[in-house]
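Data from protein.cif: mmCIF, C-alpha atoms and all ligand atoms
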data_start
#
loop_
_atom_site.label_atom_id
_atom_site.label_comp_id
_atom_site.auth_asym_id
_atom_site.auth_seq_id
_atom_site.Cartn_x
_atom_site.Cartn_y
_atom_site.Cartn_z
CA MET A 141 -29.07 88.32 112.84
CA THR A 142 -30.08 87.91 109.19
CA TYR A 143 -30.54 90.28 106.27
CA ASN A 144 -31.37 90.41 102.58
CA VAL A 145 -30.26 93.57 100.74
CA LYS A 146 -29.24 94.41 97.17
CA ASP A 147 -25.48 94.83 97.82
CA ILE A 148 -23.78 94.87 101.25
CA LYS A 149 -20.77 96.58 99.63
CA LEU A 150 -22.85 99.79 99.46
CA ALA A 151 -22.74 100.03 103.28
CA LYS A 152 -20.04 102.71 103.52
CA LYS A 153 -21.95 105.01 101.15
CA GLY A 154 -25.09 104.35 103.17
CA GLN A 155 -23.39 105.16 106.50
CA LYS A 156 -22.41 108.58 105.07
CA LYS A 157 -26.02 109.24 104.02
CA ILE A 158 -27.31 108.28 107.47
CA ASP A 159 -24.71 110.52 109.14
CA TRP A 160 -25.83 113.39 106.87
CA ALA A 161 -29.45 112.83 107.89
CA GLU A 162 -28.52 112.69 111.60
CA ASN A 163 -26.74 116.05 111.27
CA HIS A 164 -30.20 117.45 110.51
CA MET A 165 -32.27 115.48 113.06
CA PRO A 166 -31.35 117.09 116.41
CA VAL A 167 -34.67 116.27 118.13
CA LEU A 168 -34.31 112.56 117.40
CA LEU A 169 -30.68 112.62 118.61
CA ASN A 170 -31.80 114.36 121.82
CA ILE A 171 -34.32 111.55 122.41
CA ARG A 172 -31.62 109.01 121.53
CA LYS A 173 -29.49 110.31 124.46
CA ASP A 174 -32.41 109.67 126.86
CA PHE A 175 -32.96 106.23 125.32
CA GLU A 176 -29.27 105.32 125.73
CA ARG A 177 -29.47 106.23 129.43
CA GLU A 178 -32.86 104.70 130.27
CA LYS A 179 -32.99 101.72 127.86
CA PRO A 180 -36.83 101.93 127.79
CA LEU A 181 -37.10 99.33 125.02
CA LYS A 182 -34.74 96.73 126.57
CA ASP A 183 -35.10 93.36 124.78
CA ILE A 184 -38.32 94.46 123.00
CA CYS A 185 -38.46 93.37 119.35
CA VAL A 186 -39.75 96.15 117.07
CA GLY A 187 -40.86 95.20 113.55
CA PHE A 188 -40.84 97.99 110.92
CA ALA A 189 -42.44 98.42 107.52
CA LEU A 190 -41.28 101.95 106.72
CA HIS A 191 -39.57 103.42 103.67
CA VAL A 192 -35.93 102.33 104.14
CA THR A 193 -34.36 105.78 103.85
CA LYS A 194 -31.50 107.56 105.60
CA GLU A 195 -34.05 109.16 108.01
CA THR A 196 -35.66 105.80 108.85
CA ALA A 197 -32.17 104.46 109.57
CA ALA A 198 -31.75 107.25 112.15
CA LEU A 199 -34.99 106.11 113.82
CA VAL A 200 -33.85 102.46 113.76
CA ARG A 201 -30.55 103.43 115.42
CA THR A 202 -32.45 105.42 118.07
CA LEU A 203 -34.70 102.51 119.03
CA ARG A 204 -31.66 100.22 119.07
CA CYS A 205 -29.97 102.64 121.49
CA GLY A 206 -33.08 102.24 123.65
CA GLY A 207 -32.36 98.50 123.89
CA ALA A 208 -34.74 97.33 121.16
CA LYS A 209 -34.07 94.48 118.77
CA VAL A 210 -35.12 95.63 115.26
CA ALA A 211 -36.32 93.87 112.10
CA ILE A 212 -37.19 96.11 109.16
CA THR A 213 -38.58 95.95 105.65
CA SER A 214 -39.92 98.66 103.37
CA CYS A 215 -43.54 99.78 102.88
CA ASN A 216 -43.06 100.30 99.14
CA PRO A 217 -41.22 98.16 96.53
CA LEU A 218 -39.53 101.19 94.94
CA SER A 219 -38.57 103.42 97.86
CA THR A 220 -35.65 101.55 99.48
CA GLN A 221 -32.28 103.28 99.34
CA ASP A 222 -30.06 100.23 98.80
CA ASP A 223 -26.95 101.84 100.31
CA VAL A 224 -28.88 102.65 103.49
CA ALA A 225 -30.23 99.09 103.66
CA ALA A 226 -26.65 97.81 103.34
CA ALA A 227 -25.50 100.15 106.13
CA LEU A 228 -28.26 98.89 108.43
CA ALA A 229 -27.26 95.28 107.68
CA GLU A 230 -23.64 96.13 108.48
CA ASP A 231 -24.89 97.69 111.76
CA GLY A 232 -26.35 94.28 112.70
CA ILE A 233 -29.98 95.15 111.93
CA ASN A 234 -32.28 92.47 110.49
CA VAL A 235 -33.13 94.27 107.24
CA TYR A 236 -35.03 92.73 104.31
CA ALA A 237 -35.45 95.36 101.57
CA TRP A 238 -34.20 96.43 98.17
CA ARG A 239 -35.36 98.90 95.48
CA GLY A 240 -37.34 97.16 92.75
CA GLU A 241 -38.84 94.30 94.79
CA THR A 242 -41.52 92.34 92.97
CA THR A 243 -44.90 92.27 94.71
CA GLU A 244 -44.15 88.70 95.79
CA GLU A 245 -40.73 89.68 97.19
CA TYR A 246 -42.34 92.67 98.97
CA TYR A 247 -44.72 90.41 100.90
CA GLU A 248 -42.00 87.78 101.49
CA ASN A 249 -39.92 90.51 103.15
CA ILE A 250 -42.85 91.43 105.37
CA ASP A 251 -43.00 87.77 106.37
CA ARG A 252 -39.26 87.81 107.18
CA VAL A 253 -39.86 90.68 109.61
CA LEU A 254 -42.79 88.81 111.19
CA ASP A 255 -40.56 85.73 111.66
CA HIS A 256 -38.85 87.83 114.37
CA LYS A 257 -42.16 87.89 116.33
CA PRO A 258 -42.24 91.68 116.94
CA GLU A 259 -43.90 92.91 120.17
CA ILE A 260 -44.29 96.41 118.73
CA THR A 261 -44.89 97.22 115.05
CA ILE A 262 -44.25 100.43 113.13
CA ASP A 263 -46.18 100.77 109.86
CA ASP A 264 -46.48 103.23 107.00
CA GLY A 265 -49.66 102.27 105.14
CA ALA A 266 -50.63 99.39 107.50
CA ASP A 267 -49.33 96.54 105.30
CA LEU A 268 -47.51 94.98 108.28
CA ILE A 269 -50.52 95.13 110.61
CA PHE A 270 -52.75 93.83 107.81
CA ALA A 271 -50.36 90.89 107.17
CA ILE A 272 -50.37 90.03 110.90
CA HIS A 273 -54.17 90.05 111.09
CA SER A 274 -54.73 88.23 107.80
CA LYS A 275 -51.80 85.78 107.63
CA ARG A 276 -50.05 85.52 111.04
CA PRO A 277 -52.86 85.99 113.65
CA GLU A 278 -50.95 83.77 116.10
CA LEU A 279 -48.52 86.70 116.57
CA ILE A 280 -51.25 89.04 117.90
CA GLU A 281 -51.23 87.77 121.49
CA GLY A 282 -47.52 88.65 121.75
CA ILE A 283 -47.96 92.17 120.40
CA ARG A 284 -48.17 95.13 122.83
CA GLY A 285 -49.13 97.63 120.12
CA GLY A 286 -48.21 99.43 116.93
CA CYS A 287 -47.67 102.86 115.36
CA GLU A 288 -48.92 104.16 111.99
CA GLU A 289 -46.97 106.83 110.10
CA THR A 290 -49.26 107.97 107.32
CA THR A 291 -52.75 109.24 106.50
CA THR A 292 -53.60 106.30 104.23
CA GLY A 293 -52.63 103.85 106.97
CA ILE A 294 -54.83 105.62 109.54
CA VAL A 295 -57.82 105.53 107.15
CA ARG A 296 -57.25 101.78 106.70
CA LEU A 297 -56.89 101.14 110.45
CA ARG A 298 -60.01 103.13 111.33
CA ALA A 299 -61.91 101.03 108.76
CA MET A 300 -60.49 97.86 110.38
CA GLU A 301 -61.49 99.18 113.84
CA LYS A 302 -65.04 100.00 112.61
CA ASP A 303 -65.37 96.37 111.46
CA ASN A 304 -64.05 95.19 114.86
CA ALA A 305 -61.16 93.66 112.91
CA LEU A 306 -58.32 95.53 114.66
CA LYS A 307 -57.07 93.26 117.45
CA TYR A 308 -54.33 95.37 119.02
CA PRO A 309 -53.76 99.03 119.97
CA VAL A 310 -52.22 101.39 117.40
CA LEU A 311 -51.01 104.95 117.99
CA ALA A 312 -51.94 107.30 115.14
CA VAL A 313 -48.54 108.98 114.75
CA ASN A 314 -49.72 110.64 111.51
CA ASP A 315 -52.33 112.57 113.50
CA ALA A 316 -49.79 114.25 115.78
CA LEU A 317 -49.76 118.00 115.02
CA THR A 318 -45.96 117.95 114.89
CA LYS A 319 -46.23 115.22 112.26
CA TYR A 320 -48.92 116.09 109.72
CA MET A 321 -48.73 119.89 109.85
CA PHE A 322 -45.05 119.69 108.90
CA ASP A 323 -44.33 116.31 107.25
CA ASN A 324 -47.53 116.16 105.17
CA ARG A 325 -47.42 119.85 104.19
CA TYR A 326 -43.83 121.09 104.02
CA GLY A 327 -42.29 117.63 103.59
CA THR A 328 -44.54 116.42 100.79
CA GLY A 329 -44.49 119.88 99.21
CA GLN A 330 -40.72 119.85 98.84
CA SER A 331 -40.15 116.11 98.26
CA THR A 332 -42.78 115.82 95.51
CA LEU A 333 -41.19 118.64 93.53
CA ASP A 334 -37.81 117.06 94.30
CA GLY A 335 -38.98 113.76 92.78
CA ILE A 336 -40.45 115.44 89.68
CA LEU A 337 -37.33 117.57 89.13
CA ARG A 338 -34.86 114.70 89.65
CA ALA A 339 -36.83 112.58 87.17
CA THR A 340 -37.46 115.23 84.49
CA SER A 341 -35.43 118.40 85.22
CA VAL A 342 -38.20 120.36 83.46
CA LEU A 343 -38.84 124.05 84.11
CA LEU A 344 -41.77 124.53 86.52
CA ALA A 345 -42.14 128.29 85.96
CA GLY A 346 -45.00 129.05 83.59
CA LYS A 347 -46.26 125.47 83.55
CA VAL A 348 -49.86 124.51 84.43
CA PHE A 349 -49.40 122.32 87.51
CA VAL A 350 -52.51 120.29 88.43
CA VAL A 351 -52.76 118.95 92.01
CA GLY A 352 -55.43 116.33 92.70
CA GLY A 353 -56.44 116.73 96.36
CA TYR A 354 -56.13 119.71 98.70
CA GLY A 355 -55.47 117.92 101.97
CA TRP A 356 -52.28 118.62 103.94
CA CYS A 357 -50.14 116.99 101.23
CA GLY A 358 -51.91 118.69 98.30
CA LYS A 359 -51.69 122.04 100.13
CA GLY A 360 -47.93 121.64 100.44
CA ILE A 361 -47.44 120.60 96.82
CA ALA A 362 -49.60 123.50 95.55
CA MET A 363 -47.73 126.02 97.73
CA ARG A 364 -44.31 124.88 96.51
CA ALA A 365 -45.33 124.59 92.84
CA LYS A 366 -46.68 128.16 93.05
CA GLY A 367 -43.36 129.20 94.60
CA MET A 368 -41.55 127.81 91.56
CA GLY A 369 -43.72 129.92 89.25
CA SER A 370 -46.24 127.31 88.13
CA SER A 371 -49.86 128.22 87.48
CA VAL A 372 -51.51 125.83 89.94
CA VAL A 373 -54.92 124.17 89.43
CA ILE A 374 -56.59 122.19 92.22
CA THR A 375 -59.13 119.40 91.88
CA GLU A 376 -61.15 118.22 94.90
CA VAL A 377 -64.27 116.32 95.95
CA ASP A 378 -64.62 118.08 99.35
CA PRO A 379 -66.42 121.46 99.06
CA THR A 380 -64.67 122.94 102.10
CA ARG A 381 -61.18 122.02 100.89
CA ALA A 382 -62.08 123.30 97.41
CA LEU A 383 -63.20 126.59 98.96
CA GLU A 384 -59.93 126.81 100.91
CA ALA A 385 -57.99 126.31 97.66
CA VAL A 386 -59.97 129.11 95.98
CA MET A 387 -59.32 131.45 98.93
CA ASP A 388 -55.62 130.50 98.80
CA GLY A 389 -55.67 131.92 95.27
CA PHE A 390 -55.68 128.68 93.24
CA ARG A 391 -57.95 127.81 90.31
CA VAL A 392 -60.31 124.94 91.14
CA MET A 393 -62.04 122.79 88.54
CA PRO A 394 -63.02 119.15 87.91
CA MET A 395 -60.28 116.79 86.70
CA ARG A 396 -62.04 116.48 83.30
CA GLU A 397 -61.25 120.19 82.72
CA ALA A 398 -57.85 120.27 84.49
CA ALA A 399 -56.60 117.28 82.45
CA LYS A 400 -57.02 119.31 79.24
CA ILE A 401 -54.74 122.14 80.38
CA GLY A 402 -52.24 120.43 82.70
CA ASP A 403 -48.56 120.24 81.81
CA ILE A 404 -47.82 118.37 85.06
CA CYS A 405 -50.55 116.45 86.92
CA VAL A 406 -49.90 115.12 90.45
CA THR A 407 -52.33 113.13 92.64
CA ALA A 408 -52.27 113.39 96.44
CA THR A 409 -55.74 112.38 97.59
CA GLY A 410 -55.27 109.00 99.31
CA ASP A 411 -58.13 107.73 97.12
CA ALA A 412 -58.26 105.56 93.98
CA ASP A 413 -58.93 106.42 90.32
CA VAL A 414 -58.31 110.16 90.57
CA ILE A 415 -56.78 110.41 87.06
CA ARG A 416 -58.63 107.96 84.82
CA LYS A 417 -58.62 106.89 81.15
CA GLU A 418 -61.16 109.56 80.21
CA HIS A 419 -58.84 112.22 81.64
CA ILE A 420 -55.64 110.86 80.06
CA GLY A 421 -57.27 110.76 76.61
CA GLU A 422 -57.85 114.55 76.86
CA MET A 423 -54.30 115.45 77.97
CA LYS A 424 -51.89 117.73 76.12
CA ASN A 425 -49.02 116.19 74.15
CA GLY A 426 -46.08 115.79 76.58
CA ALA A 427 -48.14 115.93 79.78
CA ILE A 428 -46.27 114.57 82.83
CA LEU A 429 -48.16 112.34 85.31
CA ALA A 430 -47.02 111.65 88.87
CA ASN A 431 -48.52 110.36 92.10
CA SER A 432 -47.61 111.43 95.60
CA GLY A 433 -50.18 109.30 97.42
CA HIS A 434 -49.07 106.27 99.43
CA PHE A 435 -50.43 103.52 97.15
CA ASN A 436 -50.26 103.45 93.33
CA VAL A 437 -54.03 103.50 92.88
CA GLU A 438 -54.55 107.22 92.24
CA LEU A 439 -53.37 107.13 88.61
CA ASP A 440 -55.13 104.51 86.44
CA VAL A 441 -51.90 102.95 85.07
CA SER A 442 -53.68 99.94 83.51
CA GLY A 443 -56.05 102.40 81.79
CA LEU A 444 -53.01 104.28 80.49
CA ASP A 445 -51.67 100.98 79.09
CA GLU A 446 -55.01 100.33 77.35
CA LEU A 447 -54.89 103.79 75.73
CA SER A 448 -51.30 103.31 74.51
CA ILE A 449 -49.70 101.71 71.47
CA ASP A 450 -46.13 102.01 72.81
CA LYS A 451 -44.33 102.38 76.16
CA THR A 452 -40.62 103.23 76.40
CA ASN A 453 -38.34 103.99 79.34
CA ILE A 454 -36.61 107.21 78.26
CA ARG A 455 -35.00 108.38 81.54
CA GLU A 456 -34.66 106.85 85.00
CA ASN A 457 -38.18 106.93 86.51
CA VAL A 458 -39.71 108.24 83.25
CA GLU A 459 -41.85 106.02 80.96
CA ARG A 460 -43.04 107.60 77.68
CA TYR A 461 -46.45 106.34 76.53
CA LYS A 462 -47.55 106.90 72.92
CA LEU A 463 -51.34 107.11 72.99
CA LYS A 464 -53.65 105.86 70.22
CA ASN A 465 -54.61 109.52 69.65
CA GLY A 466 -51.00 110.20 68.56
CA ARG A 467 -50.08 112.24 71.64
CA TYR A 468 -47.36 111.32 74.20
CA VAL A 469 -47.69 111.38 77.99
CA TYR A 470 -44.94 110.68 80.54
CA LEU A 471 -45.49 108.61 83.72
CA LEU A 472 -43.07 109.06 86.62
CA ALA A 473 -41.96 106.21 88.92
CA GLU A 474 -44.57 103.77 87.54
CA GLY A 475 -47.26 105.85 89.26
CA ARG A 476 -45.80 105.04 92.67
CA LEU A 477 -45.12 107.78 95.24
CA VAL A 478 -42.77 110.00 93.28
CA ASN A 479 -41.11 111.68 96.28
CA LEU A 480 -39.64 108.43 97.61
CA ALA A 481 -39.30 106.50 94.34
CA ALA A 482 -37.58 109.28 92.36
CA ALA A 483 -35.99 111.25 95.20
CA GLU A 484 -35.12 110.61 98.89
CA GLY A 485 -38.50 111.45 100.46
CA HIS A 486 -38.98 114.37 102.78
CA PRO A 487 -36.01 116.35 104.05
CA SER A 488 -34.41 115.11 107.29
CA GLU A 489 -35.43 118.21 109.28
CA VAL A 490 -39.12 117.43 108.90
CA MET A 491 -38.71 113.67 109.41
CA ASP A 492 -36.90 114.67 112.62
CA MET A 493 -40.29 115.57 114.11
CA SER A 494 -42.24 112.68 112.55
CA PHE A 495 -39.74 110.15 113.85
CA ALA A 496 -39.37 111.82 117.24
CA ASN A 497 -43.10 111.14 117.56
CA GLN A 498 -42.51 107.53 116.44
CA ALA A 499 -39.72 106.97 118.99
CA LEU A 500 -41.75 108.45 121.87
CA ALA A 501 -44.86 106.55 120.72
CA VAL A 502 -42.97 103.23 120.82
CA LYS A 503 -41.76 104.09 124.34
CA TYR A 504 -45.36 104.96 125.31
CA ILE A 505 -46.56 101.55 124.08
CA ALA A 506 -43.76 99.83 126.03
CA ASP A 507 -44.82 101.71 129.19
CA HIS A 508 -48.64 101.35 128.92
CA ASP A 509 -51.22 98.60 128.47
CA LEU A 510 -53.64 99.97 125.88
CA GLU A 511 -56.95 98.65 124.62
CA PRO A 512 -57.15 97.40 120.99
CA GLY A 513 -58.10 100.21 118.57
CA VAL A 514 -56.70 103.42 117.10
CA HIS A 515 -55.34 105.82 119.76
CA GLU A 516 -54.35 109.48 119.40
CA ILE A 517 -50.77 110.41 120.26
CA PRO A 518 -50.74 111.79 123.87
CA LYS A 519 -50.70 115.61 123.82
CA GLU A 520 -47.58 115.70 125.99
CA ILE A 521 -45.61 113.85 123.30
CA ASP A 522 -46.75 116.30 120.61
CA GLU A 523 -45.88 119.30 122.77
CA ARG A 524 -42.49 117.90 123.77
CA VAL A 525 -41.56 117.41 120.10
CA ALA A 526 -42.58 121.01 119.29
CA GLU A 527 -40.63 122.41 122.26
CA LEU A 528 -37.53 120.37 121.43
CA LYS A 529 -37.69 121.43 117.77
CA LEU A 530 -37.89 125.13 118.72
CA GLN A 531 -34.97 124.66 121.14
CA THR A 532 -32.82 123.10 118.41
CA MET A 533 -33.66 126.08 116.18
CA ASN A 534 -32.69 128.51 118.97
CA ILE A 535 -36.16 130.03 118.89
CA GLU A 536 -37.65 131.36 122.14
CA ILE A 537 -41.37 132.06 122.61
CA ASP A 538 -43.38 133.95 125.24
CA ILE A 539 -44.66 132.29 128.40
CA LEU A 540 -48.21 132.87 129.72
CA SER A 541 -48.34 134.98 132.88
CA GLU A 542 -50.50 133.82 135.80
CA ARG A 543 -53.01 136.58 134.90
CA GLN A 544 -53.14 135.43 131.26
CA ARG A 545 -53.61 131.79 132.30
CA GLU A 546 -56.48 132.81 134.62
CA TYR A 547 -58.05 134.98 131.89
CA LEU A 548 -57.99 132.11 129.39
CA SER A 549 -59.77 129.82 131.86
CA SER A 550 -62.27 132.46 133.02
CA TRP A 551 -65.66 133.32 131.56
CA LYS A 552 -66.82 136.15 133.87
CA GLU A 553 -64.87 138.94 132.15
CA GLY A 554 -66.73 140.38 129.16
CA THR A 555 -66.68 143.81 127.44
N1 LIG A 601 -37.38 110.45 104.08
C1 LIG A 601 -38.38 109.68 104.51
N2 LIG A 601 -38.13 108.57 105.27
C2 LIG A 601 -39.73 110.00 104.24
N3 LIG A 601 -40.34 111.00 103.54
C3 LIG A 601 -41.66 110.81 103.65
N4 LIG A 601 -41.91 109.70 104.40
C4 LIG A 601 -40.73 109.16 104.78
N5 LIG A 601 -40.44 108.07 105.52
C5 LIG A 601 -39.13 107.81 105.74
C6 LIG A 601 -43.21 109.21 104.83
C7 LIG A 601 -44.04 110.34 105.44
O1 LIG A 601 -43.95 110.36 106.85
C8 LIG A 601 -44.04 108.70 103.72
C9 LIG A 601 -45.36 108.66 104.37
O2 LIG A 601 -46.33 108.34 103.51
C10 LIG A 601 -45.48 110.02 105.01
O3 LIG A 601 -46.41 110.00 106.07
#
Please express what this file holds, its structure, as structure tokens.
Amino acid sequence: MTYNVKDIKLAKKGQKKIDWAENHMPVLLNIRKDFEREKPLKDICVGFALHVTKETAALVRTLRCGGAKVAITSCNPLSTQDDVAAALAEDGINVYAWRGETTEEYYENIDRVLDHKPEITIDDGADLIFAIHSKRPELIEGIRGGCEETTTGIVRLRAMEKDNALKYPVLAVNDALTKYMFDNRYGTGQSTLDGILRATSVLLAGKVFVVGGYGWCGKGIAMRAKGMGSSVVITEVDPTRALEAVMDGFRVMPMREAAKIGDICVTATGDADVIRKEHIGEMKNGAILANSGHFNVELDVSGLDELSIDKTNIRENVERYKLKNGRYVYLLAEGRLVNLAAAEGHPSEVMDMSFANQALAVKYIADHDLEPGVHEIPKEIDERVAELKLQTMNIEIDILSERQREYLSSWKEGT
């Protein structure tokens, strides 16, 4: 067993954080009990590139209880919680991750995980799968399949599949209802505000809060910013999503207009160049910029540099840029995903469902021979996660009667 972490002496602090997360992840712990009994992953090596957080550590422990050998690195150079990484190392996990990795170190750590020749991969953003296909193709024949956690990763994998470039099966964990309807919406909604508030501690009430993108993440961010008393403005490129934002009571306008009035501007589109130089040049003095998308391509950070005559770190995760036009703007977490770089990511209760899907998806891959390509999560996994979550919340629901079941499958009864 090998590891490379910032400071192994942080392990005790990390164990406490993981225990705290596990106190709020009852579905995953329920699955862990089954895994301990059945050992469905016996001697299977699982390679991870997920944000190394206290919730991910709970997932790692669960797969290990299922008999898996685990090697893990992060999927972002800024999101690793170093005390959690130390705790995993102390637990005997092969962990290669620290907060503040250089780009070179980030990809070296991915290589370290691949040195363990994983048979199943778990990705968040598809960097691991991409590294296997582009740099270590000899590993592919030994791989049973993979899982992908996030929207951006699914988009990337579907593009690979379309080009016939995807050589092994991947389960689209992000597309499970019990993942994206909760993690992407309620998780991102809370964790993005958490990141902004930990970095700046500014008042949100009364501020103009611009959200770029009204997908499941943008919807969550807008809903929570409104709840804190912000006046929320949405920008979009998709007419239907724009219409939904209008009907949800938000102002909708192009970024060139929103940039002029925004006090806080957050991107969550999964696309590149959403806030560009021409927008930044129009921004109010003191505007705060943050990104909640997976990669740091949504805010044009190099364009911001070109527009600036000075850049100073004034708080942890806050860079102050003095623009040539004399105004200041603040960039959070270097434009990287603010919820994980400046806070701890989504709350454990919502990652409980996302990672229950991951654990059951890994078991599904171990139990089935799938064709290369992107596969939807089996409906029975999604439904089991929802039922388990309700159980752990002591919530009971109605059960269809025989008559109701027949009615729903009939077509003869009309008015
Ligand atoms: N606490 C977290 N641990 C966490 N919060 C959000 N994510 C996390 N991963 C591990 C991921 C979500 O599932 C980031 C991904 O982009 C999103 O799909």
Within 12 Å of Ala312 (chain A), counting all atoms listed in the file, which residues show up once you throw out same-chain ones fewer than 3 positions away? Write them as number ranges by chain, please. A: 262-266, 285-298, 309, 315-317, 319-320, 494, 497-498, 501-502, 505, 513-518, 522
List the neighbours of region 342-350 of chain A out to 8 Å using only C-alpha atoms; skip same-chain residues closer than 4 positions along the sequence, and give me the result as a ChimeraX atom specification. /A:337,365,368-375,398-399,401-406
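Considering only C-alpha atoms and all ligand atoms, every residue of the polymer chains approaching ligand LIG 601 (chain A) to 7 Å or closer is listed here: A:Leu190, A:His191, A:Val192, A:Thr193, A:Lys194, A:Glu195, A:Thr196, A:Asp264, A:Glu289, A:Thr290, A:Thr291, A:Asn314, A:Asp323, A:Asn324, A:Gly327, A:Thr328, A:His434, A:Leu480, A:Glu484, A:Gly485, A:His486, A:Pro487, A:Ser488, A:Met491, A:Ser494.
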For a test of reading the model, state the distance in Å between CA of Asp159 (chain A) and CA of Val235 (chain A), rounded to one decimal.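 Rounded to one decimal, the two atoms are 18.4 Å apart.
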For a test of reading the model, state the distance in Å between CA of Pro166 (chain A) and CA of Ala496 (chain A), rounded to one decimal. 9.6 Å
Report, in Å to a single decimal, how far apart CA of Glu245 (chain A) and CA of Leu199 (chain A) are.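 Rounded to one decimal, the two atoms are 24.1 Å apart.
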Within 6 Å of (-44.2, 102.8, 81.8) (coordinates as in the file), grab all the protein and nucleic acid residues, counting only C-alpha atoms, and write them out as a list in words.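 Result, sorted by chain then residue number: Lys451, Glu459 and Glu474 of chain A.
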Of the candidates A:Ala237, A:Leu228, A:Ile148, A:Leu203, which shows the shortest atom-to-atom distance to Leu168 (chain A), using only C-alpha atoms? A:Leu203
Produce a table with one row for each residue of region 440-517 of chain A that has an atom at most 9 Å from any atom of region 218-227 of chain A, each row naming the nearest atom pair and its distance in Å at one decimal; use all atoms listed in the file; arrange rows by chain and rising residue number; format as CSV.
residue,atom,partner,partner_atom,distance
A:Ala473,CA,A:Leu218,CA,8.2
A:Arg476,CA,A:Leu218,CA,7.7
A:Leu477,CA,A:Ser219,CA,8.3
A:Asn479,CA,A:Ser219,CA,8.8
A:Leu480,CA,A:Ser219,CA,5.1
A:Ala481,CA,A:Ser219,CA,4.7
A:Ala482,CA,A:Ser219,CA,8.1
A:Ala483,CA,A:Ser219,CA,8.7
A:Glu484,CA,A:Gln221,CA,7.9
A:Gly485,CA,A:Ser219,CA,8.4
Those same residues, written as a CSV table (one decimal), in the frame of the given file with C-alpha atoms?
chain,number,residue,atom,x,y,z
A,473,ALA,CA,-42.0,106.2,88.9
A,476,ARG,CA,-45.8,105.0,92.7
A,477,LEU,CA,-45.1,107.8,95.2
A,479,ASN,CA,-41.1,111.7,96.3
A,480,LEU,CA,-39.6,108.4,97.6
A,481,ALA,CA,-39.3,106.5,94.3
A,482,ALA,CA,-37.6,109.3,92.4
A,483,ALA,CA,-36.0,111.2,95.2
A,484,GLU,CA,-35.1,110.6,98.9
A,485,GLY,CA,-38.5,111.4,100.5
Which protein, DNA or RNA residues are at most 12 Å from (-23.3, 108.5, 110.8) in the file's coordinates when you count only C-alpha atoms, listed as a PyMOL selection string? chain A and resi 151-165+169+194-195+197-198+201+224+227-228+231
Dump C-alpha atoms for the selected residues as a PDB file, in the frame of the given file?
ATOM      1  CA  ALA A 151     -22.740 100.030 103.280  1.00  0.00           C
ATOM      2  CA  LYS A 152     -20.040 102.710 103.520  1.00  0.00           C
ATOM      3  CA  LYS A 153     -21.950 105.010 101.150  1.00  0.00           C
ATOM      4  CA  GLY A 154     -25.090 104.350 103.170  1.00  0.00           C
ATOM      5  CA  GLN A 155     -23.390 105.160 106.500  1.00  0.00           C
ATOM      6  CA  LYS A 156     -22.410 108.580 105.070  1.00  0.00           C
ATOM      7  CA  LYS A 157     -26.020 109.240 104.020  1.00  0.00           C
ATOM      8  CA  ILE A 158     -27.310 108.280 107.470  1.00  0.00           C
ATOM      9  CA  ASP A 159     -24.710 110.520 109.140  1.00  0.00           C
ATOM     10  CA  TRP A 160     -25.830 113.390 106.870  1.00  0.00           C
ATOM     11  CA  ALA A 161     -29.450 112.830 107.890  1.00  0.00           C
ATOM     12  CA  GLU A 162     -28.520 112.690 111.600  1.00  0.00           C
ATOM     13  CA  ASN A 163     -26.740 116.050 111.270  1.00  0.00           C
ATOM     14  CA  HIS A 164     -30.200 117.450 110.510  1.00  0.00           C
ATOM     15  CA  MET A 165     -32.270 115.480 113.060  1.00  0.00           C
ATOM     16  CA  LEU A 169     -30.680 112.620 118.610  1.00  0.00           C
ATOM     17  CA  LYS A 194     -31.500 107.560 105.600  1.00  0.00           C
ATOM     18  CA  GLU A 195     -34.050 109.160 108.010  1.00  0.00           C
ATOM     19  CA  ALA A 197     -32.170 104.460 109.570  1.00  0.00           C
ATOM     20  CA  ALA A 198     -31.750 107.250 112.150  1.00  0.00           C
ATOM     21  CA  ARG A 201     -30.550 103.430 115.420  1.00  0.00           C
ATOM     22  CA  VAL A 224     -28.880 102.650 103.490  1.00  0.00           C
ATOM     23  CA  ALA A 227     -25.500 100.150 106.130  1.00  0.00           C
ATOM     24  CA  LEU A 228     -28.260  98.890 108.430  1.00  0.00           C
ATOM     25  CA  ASP A 231     -24.890  97.690 111.760  1.00  0.00           C
TER      26      ASP A 231
END
Neighbours of Ile420 (chain A) within 10 Å (only C-alpha atoms; same-chain residues fewer than 6 positions away dropped), as a PyMOL selection string? chain A and resi 396+399-400+427+429+439-440+443-444+447+463+469
Could you tell me which of A:Arg239, A:Lys424, A:Lys464, A:Lys417 comes closest to Val441 (chain A) if we count only C-alpha atoms?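 Nearest candidate to Val441 (chain A) out of A:Arg239, A:Lys424, A:Lys464, A:Lys417: A:Lys417.
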Restricting the calculation to only C-alpha atoms, which member of A:Ile171, A:Ile361, A:Leu268, A:Ala506 is positioned closest to Tyr326 (chain A)? A:Ile361
Nearest candidate to Val458 (chain A) (options A:Ile269, A:Cys185, A:Met300, A:Leu471; using all atoms listed in the file):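 Result for the nearest residue to Val458 (chain A): A:Leu471.
Between Lys179 (chain A) and the candidates A:Lys359, A:His273, A:Lys503, A:Arg467, the tightest atom-to-atom separation, counting only C-alpha atoms, involves A:Lys503.
With only C-alpha atoms as the atoms that count, the residue of A:Glu523, A:Thr213, A:Leu311, A:Asp450 with the shortest distance to Leu510 (chain A) is A:Leu311.
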Draw an axis-aligned box tight on the listed atoms of region 497-503 of chain A, then pad every side by 4 Å and write out centre and edge lengths in Å to one decimal as JSON.
{"center_x": -42.3, "center_y": 107.2, "center_z": 120.4, "size_x": 13.1, "size_y": 15.9, "size_z": 15.9}
